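Notes follow once the structure below has been shown.
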Amino acid sequence: MAMLVLLVLLVVGASSAGAERFGINYGRVADDLPSPLQVAALAKRENITHIKIFDADPVVLQAFRGTDVGVVVTVPNDEIPAVAANLPGARFWFDAYASPFIAEITTILVGNEVLKFSPHMSTILVPAMQNLYQILRAHDLADKIKVSTPHAMDVLEKNSSSPPSNGMFRQQHVSTMQNLLEFLSISRSFFVLNVYPYFAFREDKGATLSAEFALLQSPKNSVTDPNTSFRYSNLLDAQLDAVYAAIEKLGYMNLQIVIGETGWPTAGGFGATMQNAAIFTRNIICRTQDVEGTPARPAYTIQAFVFSMFNEDLKHNLMEQNFGLFYPNMTNVYPFKFSSDCK
């Protein structure tokens, strides 16, 4: 899902200030949104330093030219085969969409949750990434612009995320993951994860997961992983560490996770209220300002893109339509500040 972007330092190549570790997904599945130029002005007004889009629309990129807002672009799933086929195919995409906006682009994502939505492309996902990386290297851009691909939490085996140390990838994805992790390691990139504590909370309906735990409110009673003795005060950290455990089981200790999407809806499902969304948004902003990462990876500060910039009225259902921080008229859906007082 995603269009308000929370971004990793590796993605943006910036300092470790909290504002540099947070971005917004700018989704456009709607028929009533402001123009890209108006959105660029909104981003500047709100001190948004990074956005993520789900394509590489030149109109959007042109609107953000000269704004100092870093943009993460995406090769849509249906364009992956052409990029994966050969270097000329990848070069055509790069020349058409990325080359004119090198100053604005920080990251190229290949697809969105490909293993979930387009599993038939699993064997060509990494070749597409490799082709784009080779082109970036040829232009001496591989250090400035990184290549990755986002995954959903269900890339893990069902029920393997509790406790976090049990995390493991689904067996049908292991071969692709081995190739992907090797590529990310060689290219010095990062693993992009779309992770929503809300969805786990909605499914559980409060039976075992408290609202405070899901909303990052650091409840007094934390959860301890019996295998590692790590203590977890919120669900997001536990979810991240489950994926870190899966990555480690395939032999990779030094890859960082960047959150490509996270958020909380204001309507359409269990626990989907404006109050909860406001709490979660404030807390995820504050979490990116912490100098310490998760219990299993304390040296890796949290980098994240929130979903989403706007409510999107053409999404599939009421819940998906109501992840926005802003209405289409660019007023706040609920009160929040990107520079939250986190003390």
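Each chain in the structure tokens gets a letter, A, B, ..., in the order shown, and its residues are numbered from 1; ligands are numbered from 1 in order too.
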
Item to complete: Excluding Ile80 (chain A) and any residue of its chain fewer than 6 positions from it, enumerate the residues within 9 Å of it, using only C-alpha atoms, and give them as a PyMOL selection string.
Response: chain A and resi 90+110-111+121+124-125+128

Would you save the residues of that selection, restricted to N, CA, C and O atoms, as a PDB file, in the first residue's frame?
```
ATOM      1  N   ALA A  90      16.321  -2.731 -19.542  1.00  0.00           N
ATOM      2  CA  ALA A  90      16.481  -1.956 -18.309  1.00  0.00           C
ATOM      3  C   ALA A  90      16.941  -0.543 -18.612  1.00  0.00           C
ATOM      4  O   ALA A  90      16.493   0.425 -17.973  1.00  0.00           O
ATOM      5  N   VAL A 110      12.046  -2.109  -7.238  1.00  0.00           N
ATOM      6  CA  VAL A 110      11.581  -2.952  -8.334  1.00  0.00           C
ATOM      7  C   VAL A 110      10.345  -3.706  -7.857  1.00  0.00           C
ATOM      8  O   VAL A 110      10.430  -4.636  -7.054  1.00  0.00           O
ATOM      9  N   GLY A 111       9.180  -3.254  -8.320  1.00  0.00           N
ATOM     10  CA  GLY A 111       7.923  -3.859  -7.934  1.00  0.00           C
ATOM     11  C   GLY A 111       7.480  -3.482  -6.539  1.00  0.00           C
ATOM     12  O   GLY A 111       8.163  -2.759  -5.803  1.00  0.00           O
ATOM     13  N   MET A 121       6.563 -13.917 -11.053  1.00  0.00           N
ATOM     14  CA  MET A 121       7.744 -13.136 -11.415  1.00  0.00           C
ATOM     15  C   MET A 121       8.904 -13.349 -10.434  1.00  0.00           C
ATOM     16  O   MET A 121       9.908 -12.639 -10.518  1.00  0.00           O
ATOM     17  N   ILE A 124      12.398 -13.627 -11.912  1.00  0.00           N
ATOM     18  CA  ILE A 124      12.959 -12.501 -12.674  1.00  0.00           C
ATOM     19  C   ILE A 124      13.117 -11.241 -11.826  1.00  0.00           C
ATOM     20  O   ILE A 124      13.634 -10.233 -12.316  1.00  0.00           O
ATOM     21  N   LEU A 125      12.697 -11.306 -10.564  1.00  0.00           N
ATOM     22  CA  LEU A 125      12.782 -10.127  -9.706  1.00  0.00           C
ATOM     23  C   LEU A 125      14.222  -9.672  -9.512  1.00  0.00           C
ATOM     24  O   LEU A 125      14.567  -8.510  -9.756  1.00  0.00           O
ATOM     25  N   ALA A 128      16.030  -8.312 -12.669  1.00  0.00           N
ATOM     26  CA  ALA A 128      15.643  -6.931 -12.970  1.00  0.00           C
ATOM     27  C   ALA A 128      16.425  -5.954 -12.101  1.00  0.00           C
ATOM     28  O   ALA A 128      16.900  -4.908 -12.582  1.00  0.00           O
TER      29      ALA A 128
END
```

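Using only C-alpha atoms, the protein and nucleic acid residues lying no more than 10 Å from Ala246 (chain A), apart from those fewer than 5 places from it along its own chain, are A:Val155, A:Leu156, A:Glu157, A:Ser160, A:Ser161, A:Pro164, A:Ser165, A:Asn166, A:Gly167, A:Met168, A:Phe169, A:Arg170, A:Val174, A:Met177, A:Asp241, A:Gly251, A:Tyr252.
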
Selection to disk with N, CA, C and O atoms, as an mmCIF file, in the first residue's frame:
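And here is the file that came out, out16.cif:
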```cif
data_model
loop_
_atom_site.group_PDB
_atom_site.id
_atom_site.type_symbol
_atom_site.label_atom_id
_atom_site.label_comp_id
_atom_site.auth_asym_id
_atom_site.auth_seq_id
_atom_site.Cartn_x
_atom_site.Cartn_y
_atom_site.Cartn_z
ATOM 1 N N VAL A 155 5.730 -12.686 3.829
ATOM 2 C CA VAL A 155 6.866 -13.389 3.246
ATOM 3 C C VAL A 155 7.427 -14.399 4.250
ATOM 4 O O VAL A 155 8.162 -15.321 3.883
ATOM 5 N N LEU A 156 7.051 -14.220 5.530
ATOM 6 C CA LEU A 156 7.449 -15.171 6.571
ATOM 7 C C LEU A 156 6.470 -16.347 6.624
ATOM 8 O O LEU A 156 5.294 -16.219 6.258
ATOM 9 N N GLU A 157 6.975 -17.489 7.107
ATOM 10 C CA GLU A 157 6.088 -18.623 7.379
ATOM 11 C C GLU A 157 5.011 -18.190 8.372
ATOM 12 O O GLU A 157 5.269 -17.439 9.305
ATOM 13 N N SER A 160 5.333 -17.781 12.349
ATOM 14 C CA SER A 160 6.740 -17.906 12.730
ATOM 15 C C SER A 160 7.309 -16.634 13.342
ATOM 16 O O SER A 160 8.479 -16.595 13.698
ATOM 17 N N SER A 161 6.476 -15.601 13.480
ATOM 18 C CA SER A 161 7.001 -14.330 13.979
ATOM 19 C C SER A 161 6.856 -14.173 15.493
ATOM 20 O O SER A 161 7.217 -13.142 16.045
ATOM 21 N N PRO A 164 9.850 -13.478 18.095
ATOM 22 C CA PRO A 164 10.566 -12.963 16.925
ATOM 23 C C PRO A 164 11.732 -13.834 16.461
ATOM 24 O O PRO A 164 11.986 -13.955 15.257
ATOM 25 N N SER A 165 12.434 -14.445 17.396
ATOM 26 C CA SER A 165 13.609 -15.241 17.017
ATOM 27 C C SER A 165 13.253 -16.462 16.178
ATOM 28 O O SER A 165 14.128 -17.082 15.569
ATOM 29 N N ASN A 166 11.965 -16.829 16.120
ATOM 30 C CA ASN A 166 11.530 -17.968 15.304
ATOM 31 C C ASN A 166 11.301 -17.584 13.848
ATOM 32 O O ASN A 166 10.996 -18.449 13.023
ATOM 33 N N GLY A 167 11.415 -16.316 13.521
ATOM 34 C CA GLY A 167 11.104 -15.853 12.177
ATOM 35 C C GLY A 167 11.869 -16.616 11.099
ATOM 36 O O GLY A 167 13.081 -16.802 11.202
ATOM 37 N N MET A 168 11.144 -17.046 10.057
ATOM 38 C CA MET A 168 11.777 -17.701 8.915
ATOM 39 C C MET A 168 10.941 -17.443 7.663
ATOM 40 O O MET A 168 9.728 -17.267 7.741
ATOM 41 N N PHE A 169 11.614 -17.386 6.525
ATOM 42 C CA PHE A 169 10.910 -17.149 5.273
ATOM 43 C C PHE A 169 10.130 -18.392 4.853
ATOM 44 O O PHE A 169 10.528 -19.527 5.158
ATOM 45 N N ARG A 170 9.021 -18.169 4.154
ATOM 46 C CA ARG A 170 8.262 -19.282 3.590
ATOM 47 C C ARG A 170 9.172 -20.109 2.684
ATOM 48 O O ARG A 170 9.979 -19.555 1.932
ATOM 49 N N VAL A 174 12.454 -19.177 -0.315
ATOM 50 C CA VAL A 174 13.835 -19.223 0.161
ATOM 51 C C VAL A 174 14.839 -19.019 -0.959
ATOM 52 O O VAL A 174 15.821 -18.272 -0.819
ATOM 53 N N MET A 177 14.869 -15.443 -1.940
ATOM 54 C CA MET A 177 15.448 -14.644 -0.866
ATOM 55 C C MET A 177 16.966 -14.793 -0.800
ATOM 56 O O MET A 177 17.678 -13.816 -0.550
ATOM 57 N N ASP A 241 12.150 -7.636 14.127
ATOM 58 C CA ASP A 241 13.135 -8.621 14.553
ATOM 59 C C ASP A 241 12.809 -10.016 14.042
ATOM 60 O O ASP A 241 13.715 -10.843 13.856
ATOM 61 N N GLY A 251 21.991 -16.517 6.551
ATOM 62 C CA GLY A 251 23.419 -16.223 6.586
ATOM 63 C C GLY A 251 23.811 -14.768 6.473
ATOM 64 O O GLY A 251 24.992 -14.464 6.258
ATOM 65 N N TYR A 252 22.853 -13.843 6.660
ATOM 66 C CA TYR A 252 23.164 -12.418 6.483
ATOM 67 C C TYR A 252 22.886 -11.674 7.785
ATOM 68 O O TYR A 252 21.754 -11.593 8.256
#
```

Worksheet entry | Pick from A:Tyr133, A:Ile186, A:Ser122, A:Glu212 nearest to Gln172 (chain A), counting only C-alpha atoms |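 Distance minimum relative to Gln172 (chain A) lands on A:Ser122.
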
Worksheet item: Near Phe326 (chain A), counting only C-alpha atoms, which residues have an atom at most 12 Å away, once you skip same-chain residues fewer than 2 positions from it, shown as a PyMOL selection string?
Response: chain A and resi 3-4+24-27+33-34+39+42-43+46+266+278+307-312+321-324+328-336

Keeping only N, CA, C and O atoms, write the selected residues as a compact mmCIF listing (two decimals), in the first residue's frame.
```txt
# COMPACT_ATOMS: atom_id res chain seq x y z
N MET A 3 2.31 5.45 0.22
CA MET A 3 2.70 6.62 -0.54
C MET A 3 3.20 7.73 0.35
O MET A 3 3.50 8.78 -0.14
N LEU A 4 3.31 7.54 1.60
CA LEU A 4 3.97 8.47 2.49
C LEU A 4 5.18 7.72 2.93
O LEU A 4 5.07 6.66 3.42
N ILE A 24 7.06 9.82 3.59
CA ILE A 24 5.64 9.56 3.38
C ILE A 24 5.42 8.91 2.01
O ILE A 24 6.03 9.30 1.02
N ASN A 25 4.50 7.95 1.98
CA ASN A 25 4.06 7.36 0.72
C ASN A 25 3.02 8.27 0.08
O ASN A 25 2.04 8.65 0.72
N TYR A 26 3.28 8.62 -1.14
CA TYR A 26 2.38 9.50 -1.89
C TYR A 26 1.62 8.63 -2.89
O TYR A 26 2.02 8.44 -4.01
N GLY A 27 0.50 8.07 -2.40
CA GLY A 27 -0.34 7.23 -3.25
C GLY A 27 -1.35 8.09 -4.01
O GLY A 27 -1.76 9.14 -3.54
N LEU A 33 -7.57 14.18 -5.94
CA LEU A 33 -6.36 14.65 -5.29
C LEU A 33 -5.88 15.98 -5.87
O LEU A 33 -6.16 16.30 -7.03
N PRO A 34 -5.13 16.74 -5.08
CA PRO A 34 -4.51 17.97 -5.61
C PRO A 34 -3.45 17.61 -6.65
O PRO A 34 -3.01 16.47 -6.75
N VAL A 39 1.01 19.21 -4.22
CA VAL A 39 1.53 18.26 -3.24
C VAL A 39 2.98 18.58 -2.89
O VAL A 39 3.38 18.50 -1.73
N LEU A 42 2.89 21.32 -0.50
CA LEU A 42 2.46 20.81 0.81
C LEU A 42 3.63 20.14 1.52
O LEU A 42 3.84 20.33 2.73
N ALA A 43 4.40 19.34 0.78
CA ALA A 43 5.56 18.67 1.37
C ALA A 43 6.55 19.67 1.93
O ALA A 43 7.09 19.49 3.03
N GLU A 46 5.16 21.27 5.13
CA GLU A 46 5.14 20.37 6.29
C GLU A 46 6.52 19.82 6.64
O GLU A 46 6.65 18.97 7.50
N THR A 266 -8.15 5.30 9.83
CA THR A 266 -9.07 6.05 10.70
C THR A 266 -10.50 5.53 10.64
O THR A 266 -11.35 5.98 11.40
N ALA A 278 -3.89 8.81 15.19
CA ALA A 278 -3.07 9.94 15.65
C ALA A 278 -1.98 9.45 16.61
O ALA A 278 -0.83 9.91 16.53
N PHE A 307 2.27 5.38 5.58
CA PHE A 307 1.22 5.27 4.57
C PHE A 307 -0.06 5.86 5.16
O PHE A 307 -0.52 5.39 6.21
N SER A 308 -0.63 6.91 4.61
CA SER A 308 -0.25 7.46 3.33
C SER A 308 -0.49 8.96 3.37
O SER A 308 -1.06 9.49 4.33
N MET A 309 -0.06 9.64 2.32
CA MET A 309 -0.21 11.09 2.27
C MET A 309 -1.69 11.49 2.32
O MET A 309 -2.10 12.33 3.10
N PHE A 310 -2.50 10.86 1.47
CA PHE A 310 -3.92 11.25 1.36
C PHE A 310 -4.84 10.05 1.54
O PHE A 310 -4.46 8.91 1.25
N ASN A 311 -6.07 10.32 1.96
CA ASN A 311 -7.12 9.33 1.81
C ASN A 311 -7.35 9.13 0.31
O ASN A 311 -7.37 10.10 -0.46
N GLU A 312 -7.53 7.87 -0.10
CA GLU A 312 -7.62 7.55 -1.53
C GLU A 312 -8.95 6.87 -1.81
O GLU A 312 -9.16 5.70 -1.47
N GLN A 321 -9.19 3.04 2.07
CA GLN A 321 -9.42 4.42 1.65
C GLN A 321 -9.06 5.42 2.74
O GLN A 321 -9.00 6.63 2.46
N ASN A 322 -8.81 4.94 3.95
CA ASN A 322 -8.70 5.86 5.10
C ASN A 322 -7.40 5.72 5.87
O ASN A 322 -7.38 5.75 7.10
N PHE A 323 -6.28 5.63 5.15
CA PHE A 323 -4.96 5.64 5.76
C PHE A 323 -4.31 7.03 5.68
O PHE A 323 -3.19 7.21 6.15
N GLY A 324 -4.97 8.01 5.09
CA GLY A 324 -4.33 9.28 4.81
C GLY A 324 -4.08 10.14 6.04
O GLY A 324 -4.85 10.13 7.00
N PRO A 328 -7.96 15.24 0.63
CA PRO A 328 -7.57 15.79 -0.67
C PRO A 328 -7.51 17.32 -0.72
O PRO A 328 -6.80 17.89 -1.55
N ASN A 329 -8.21 17.99 0.20
CA ASN A 329 -8.12 19.46 0.24
C ASN A 329 -6.89 19.93 1.01
O ASN A 329 -6.72 21.13 1.26
N MET A 330 -6.02 18.97 1.42
CA MET A 330 -4.73 19.22 2.06
C MET A 330 -4.83 19.70 3.50
O MET A 330 -3.88 20.24 4.05
N THR A 331 -6.00 19.50 4.12
CA THR A 331 -6.12 19.73 5.56
C THR A 331 -5.85 18.41 6.29
O THR A 331 -6.04 17.32 5.74
N ASN A 332 -5.42 18.50 7.54
CA ASN A 332 -5.08 17.30 8.31
C ASN A 332 -6.32 16.46 8.60
O ASN A 332 -7.37 17.00 8.98
N VAL A 333 -6.20 15.16 8.47
CA VAL A 333 -7.27 14.25 8.87
C VAL A 333 -7.38 14.25 10.39
O VAL A 333 -8.47 14.19 10.95
N TYR A 334 -6.25 14.32 11.08
CA TYR A 334 -6.20 14.42 12.53
C TYR A 334 -4.95 15.21 12.88
O TYR A 334 -4.02 15.32 12.08
N PRO A 335 -4.88 15.77 14.07
CA PRO A 335 -3.70 16.59 14.43
C PRO A 335 -2.43 15.74 14.54
O PRO A 335 -2.44 14.67 15.14
N PHE A 336 -1.35 16.22 13.96
CA PHE A 336 -0.04 15.60 14.12
C PHE A 336 1.00 16.59 13.66
O PHE A 336 0.69 17.57 12.96
```

Worksheet entry | Members of region 138-340 of chain A assigned helix (DSSP H, G or I) by DSSP, as JSON, numbers by chain | {"A": [138, 153, 154, 155, 164, 165, 166, 171, 172, 173, 174, 175, 176, 177, 178, 179, 180, 181, 182, 183, 184, 185, 186, 187, 197, 198, 199, 200, 201, 202, 203, 204, 211, 212, 213, 214, 235, 236, 237, 238, 239, 240, 241, 242, 243, 244, 245, 246, 247, 248, 249, 274, 275, 276, 277, 278, 279, 280, 281, 282, 283, 284, 285, 286, 287, 288, 289, 320, 321, 322]}

I want to know what sits within 8 Å of Pro197 (chain A), based on only C-alpha atoms, with residues of the same chain fewer than 5 positions away left out; could you give that as an mmCIF file with N, CA and C atoms, in the first residue's frame?
```cif
data_model
loop_
_atom_site.group_PDB
_atom_site.id
_atom_site.type_symbol
_atom_site.label_atom_id
_atom_site.label_comp_id
_atom_site.auth_asym_id
_atom_site.auth_seq_id
_atom_site.Cartn_x
_atom_site.Cartn_y
_atom_site.Cartn_z
ATOM 1 N N ALA A 214 0.323 -2.527 20.142
ATOM 2 C CA ALA A 214 0.259 -2.300 18.695
ATOM 3 C C ALA A 214 0.506 -0.844 18.337
ATOM 4 N N LEU A 215 0.122 0.071 19.223
ATOM 5 C CA LEU A 215 0.241 1.505 18.951
ATOM 6 C C LEU A 215 1.589 2.092 19.367
ATOM 7 N N LEU A 235 4.816 -3.869 19.232
ATOM 8 C CA LEU A 235 4.674 -4.898 18.211
ATOM 9 C C LEU A 235 5.577 -4.648 17.013
ATOM 10 N N LEU A 236 5.780 -3.387 16.642
ATOM 11 C CA LEU A 236 6.592 -3.092 15.466
ATOM 12 C C LEU A 236 8.009 -3.644 15.622
ATOM 13 N N GLN A 239 7.974 -7.359 15.122
ATOM 14 C CA GLN A 239 7.807 -7.745 13.718
ATOM 15 C C GLN A 239 9.113 -7.560 12.936
ATOM 16 N N THR A 262 4.009 1.749 6.576
ATOM 17 C CA THR A 262 3.368 1.448 7.847
ATOM 18 C C THR A 262 2.343 2.542 8.099
#
```

Fill in: Secondary structure check, strand (DSSP E) residues of region 201-326 of chain A, as a PyMOL selection string
chain A and resi 223-224+231-232+257-262+304-306

Discussion item. With only C-alpha atoms as the counted atoms, please give the residues lying no more than 8 Å from region 55-61 of chain A, apart from itself and same-chain residues fewer than 6 positions off, as a ChimeraX atom specification.
Written reply: /A:36-37,71,73-76,97-98,101,104

Next, write the just-selected residues to a file, as an mmCIF file, in the first residue's frame, keeping all heavy atoms as the atom set.
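The new file selection_38.cif reads:
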```cif
data_model
loop_
_atom_site.group_PDB
_atom_site.id
_atom_site.type_symbol
_atom_site.label_atom_id
_atom_site.label_comp_id
_atom_site.auth_asym_id
_atom_site.auth_seq_id
_atom_site.Cartn_x
_atom_site.Cartn_y
_atom_site.Cartn_z
ATOM 1 N N PRO A 36 0.209 17.393 -8.537
ATOM 2 C CA PRO A 36 1.544 17.143 -7.998
ATOM 3 C C PRO A 36 2.269 18.413 -7.556
ATOM 4 O O PRO A 36 3.001 18.394 -6.562
ATOM 5 C CB PRO A 36 2.259 16.446 -9.155
ATOM 6 C CG PRO A 36 1.169 15.723 -9.878
ATOM 7 C CD PRO A 36 -0.003 16.660 -9.813
ATOM 8 N N LEU A 37 2.076 19.510 -8.273
ATOM 9 C CA LEU A 37 2.705 20.767 -7.860
ATOM 10 C C LEU A 37 2.185 21.221 -6.505
ATOM 11 O O LEU A 37 2.950 21.712 -5.663
ATOM 12 C CB LEU A 37 2.469 21.851 -8.910
ATOM 13 C CG LEU A 37 3.378 21.820 -10.145
ATOM 14 C CD1 LEU A 37 2.892 22.835 -11.173
ATOM 15 C CD2 LEU A 37 4.832 22.099 -9.754
ATOM 16 N N VAL A 71 13.032 11.521 -3.568
ATOM 17 C CA VAL A 71 11.930 10.708 -4.088
ATOM 18 C C VAL A 71 12.388 9.271 -4.289
ATOM 19 O O VAL A 71 13.408 9.019 -4.936
ATOM 20 C CB VAL A 71 11.389 11.274 -5.417
ATOM 21 C CG1 VAL A 71 10.182 10.452 -5.895
ATOM 22 C CG2 VAL A 71 10.992 12.743 -5.274
ATOM 23 N N VAL A 73 11.319 6.001 -6.229
ATOM 24 C CA VAL A 73 10.466 5.633 -7.359
ATOM 25 C C VAL A 73 10.343 4.119 -7.437
ATOM 26 O O VAL A 73 11.123 3.375 -6.829
ATOM 27 C CB VAL A 73 10.996 6.202 -8.690
ATOM 28 C CG1 VAL A 73 11.052 7.727 -8.648
ATOM 29 C CG2 VAL A 73 12.358 5.611 -9.040
ATOM 30 N N THR A 74 9.364 3.669 -8.211
ATOM 31 C CA THR A 74 9.073 2.243 -8.303
ATOM 32 C C THR A 74 8.914 1.816 -9.753
ATOM 33 O O THR A 74 8.254 2.515 -10.538
ATOM 34 C CB THR A 74 7.776 1.903 -7.535
ATOM 35 O OG1 THR A 74 7.903 2.321 -6.170
ATOM 36 C CG2 THR A 74 7.468 0.421 -7.581
ATOM 37 N N VAL A 75 9.503 0.676 -10.096
ATOM 38 C CA VAL A 75 9.191 -0.002 -11.353
ATOM 39 C C VAL A 75 7.917 -0.798 -11.097
ATOM 40 O O VAL A 75 7.934 -1.747 -10.295
ATOM 41 C CB VAL A 75 10.321 -0.957 -11.778
ATOM 42 C CG1 VAL A 75 9.950 -1.667 -13.082
ATOM 43 C CG2 VAL A 75 11.646 -0.219 -11.921
ATOM 44 N N PRO A 76 6.781 -0.448 -11.689
ATOM 45 C CA PRO A 76 5.544 -1.197 -11.434
ATOM 46 C C PRO A 76 5.705 -2.681 -11.769
ATOM 47 O O PRO A 76 6.499 -3.059 -12.642
ATOM 48 C CB PRO A 76 4.524 -0.526 -12.360
ATOM 49 C CG PRO A 76 5.061 0.858 -12.575
ATOM 50 C CD PRO A 76 6.557 0.687 -12.601
ATOM 51 N N TYR A 97 12.585 7.124 -17.448
ATOM 52 C CA TYR A 97 11.967 7.526 -16.181
ATOM 53 C C TYR A 97 12.937 8.055 -15.122
ATOM 54 O O TYR A 97 12.580 8.950 -14.356
ATOM 55 C CB TYR A 97 11.189 6.341 -15.591
ATOM 56 C CG TYR A 97 10.048 5.893 -16.451
ATOM 57 C CD1 TYR A 97 10.126 4.706 -17.176
ATOM 58 C CD2 TYR A 97 8.894 6.652 -16.567
ATOM 59 C CE1 TYR A 97 9.077 4.284 -17.981
ATOM 60 C CE2 TYR A 97 7.842 6.248 -17.369
ATOM 61 C CZ TYR A 97 7.942 5.056 -18.080
ATOM 62 O OH TYR A 97 6.910 4.651 -18.877
ATOM 63 N N ALA A 98 14.133 7.503 -15.060
ATOM 64 C CA ALA A 98 15.047 7.882 -13.987
ATOM 65 C C ALA A 98 16.077 8.917 -14.413
ATOM 66 O O ALA A 98 16.350 9.874 -13.681
ATOM 67 C CB ALA A 98 15.757 6.638 -13.450
ATOM 68 N N PHE A 101 15.776 12.671 -13.870
ATOM 69 C CA PHE A 101 15.511 13.148 -12.505
ATOM 70 C C PHE A 101 16.504 12.572 -11.497
ATOM 71 O O PHE A 101 16.162 12.304 -10.342
ATOM 72 C CB PHE A 101 14.076 12.776 -12.106
ATOM 73 C CG PHE A 101 13.033 13.304 -13.044
ATOM 74 C CD1 PHE A 101 12.458 12.473 -13.990
ATOM 75 C CD2 PHE A 101 12.668 14.643 -13.016
ATOM 76 C CE1 PHE A 101 11.506 12.956 -14.876
ATOM 77 C CE2 PHE A 101 11.718 15.144 -13.903
ATOM 78 C CZ PHE A 101 11.130 14.298 -14.837
ATOM 79 N N GLU A 104 16.733 14.122 -8.051
ATOM 80 C CA GLU A 104 15.617 13.946 -7.117
ATOM 81 C C GLU A 104 15.532 12.522 -6.563
ATOM 82 O O GLU A 104 15.072 12.319 -5.437
ATOM 83 C CB GLU A 104 14.284 14.265 -7.827
ATOM 84 C CG GLU A 104 14.016 15.752 -8.065
ATOM 85 C CD GLU A 104 14.930 16.346 -9.143
ATOM 86 O OE1 GLU A 104 15.193 15.648 -10.153
ATOM 87 O OE2 GLU A 104 15.378 17.494 -8.965
#
```

Worksheet item: A:Arg287, A:Arg202, A:Lys158, A:Arg91: which is nearest Ala272 (chain A), counting only C-alpha atoms?
Response: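 For Ala272 (chain A), the nearest of the candidates is A:Arg202.
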
Practice prompt. Go through A:Ile302, A:Ala84, A:Leu314, A:Ala138 one by one, measure the shortest atom-to-atom distance of each to Thr123 (chain A) using only C-alpha atoms, and give the residue with the smallest value.
Written response: A:Ala84

Item to complete: Considering only C-alpha atoms, return as a list of chain:residue names whatever protein or nucleic-acid residues lie within 10 Å of Ile135 (chain A), sequence-local ones (same chain, fewer than 6 positions apart) excluded.
Response: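 Here the qualifying residues turn out to be A:Leu87, A:Pro88, A:Ala90, A:Arg91, A:Phe94, A:Asp95, A:Leu141, A:Ala142.
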
Worksheet item: With distances taken over only C-alpha atoms, which of A:Pro163, A:Ser99, A:Glu292, A:Pro226 is nearest to Ala245 (chain A)?
Response: A:Pro163

Worksheet item: Which of these residues is nearest to Leu136 (chain A), using only C-alpha atoms: A:Lys220, A:Leu181, A:Ser187, A:Asn159?
Response: A:Ser187

Worksheet item: Nearest to Ala40 (chain A) among A:Ala238, A:Ala63, A:Ala277, A:Val306, with distances taken over only C-alpha atoms: which residue is it?
Response: A:Ala63
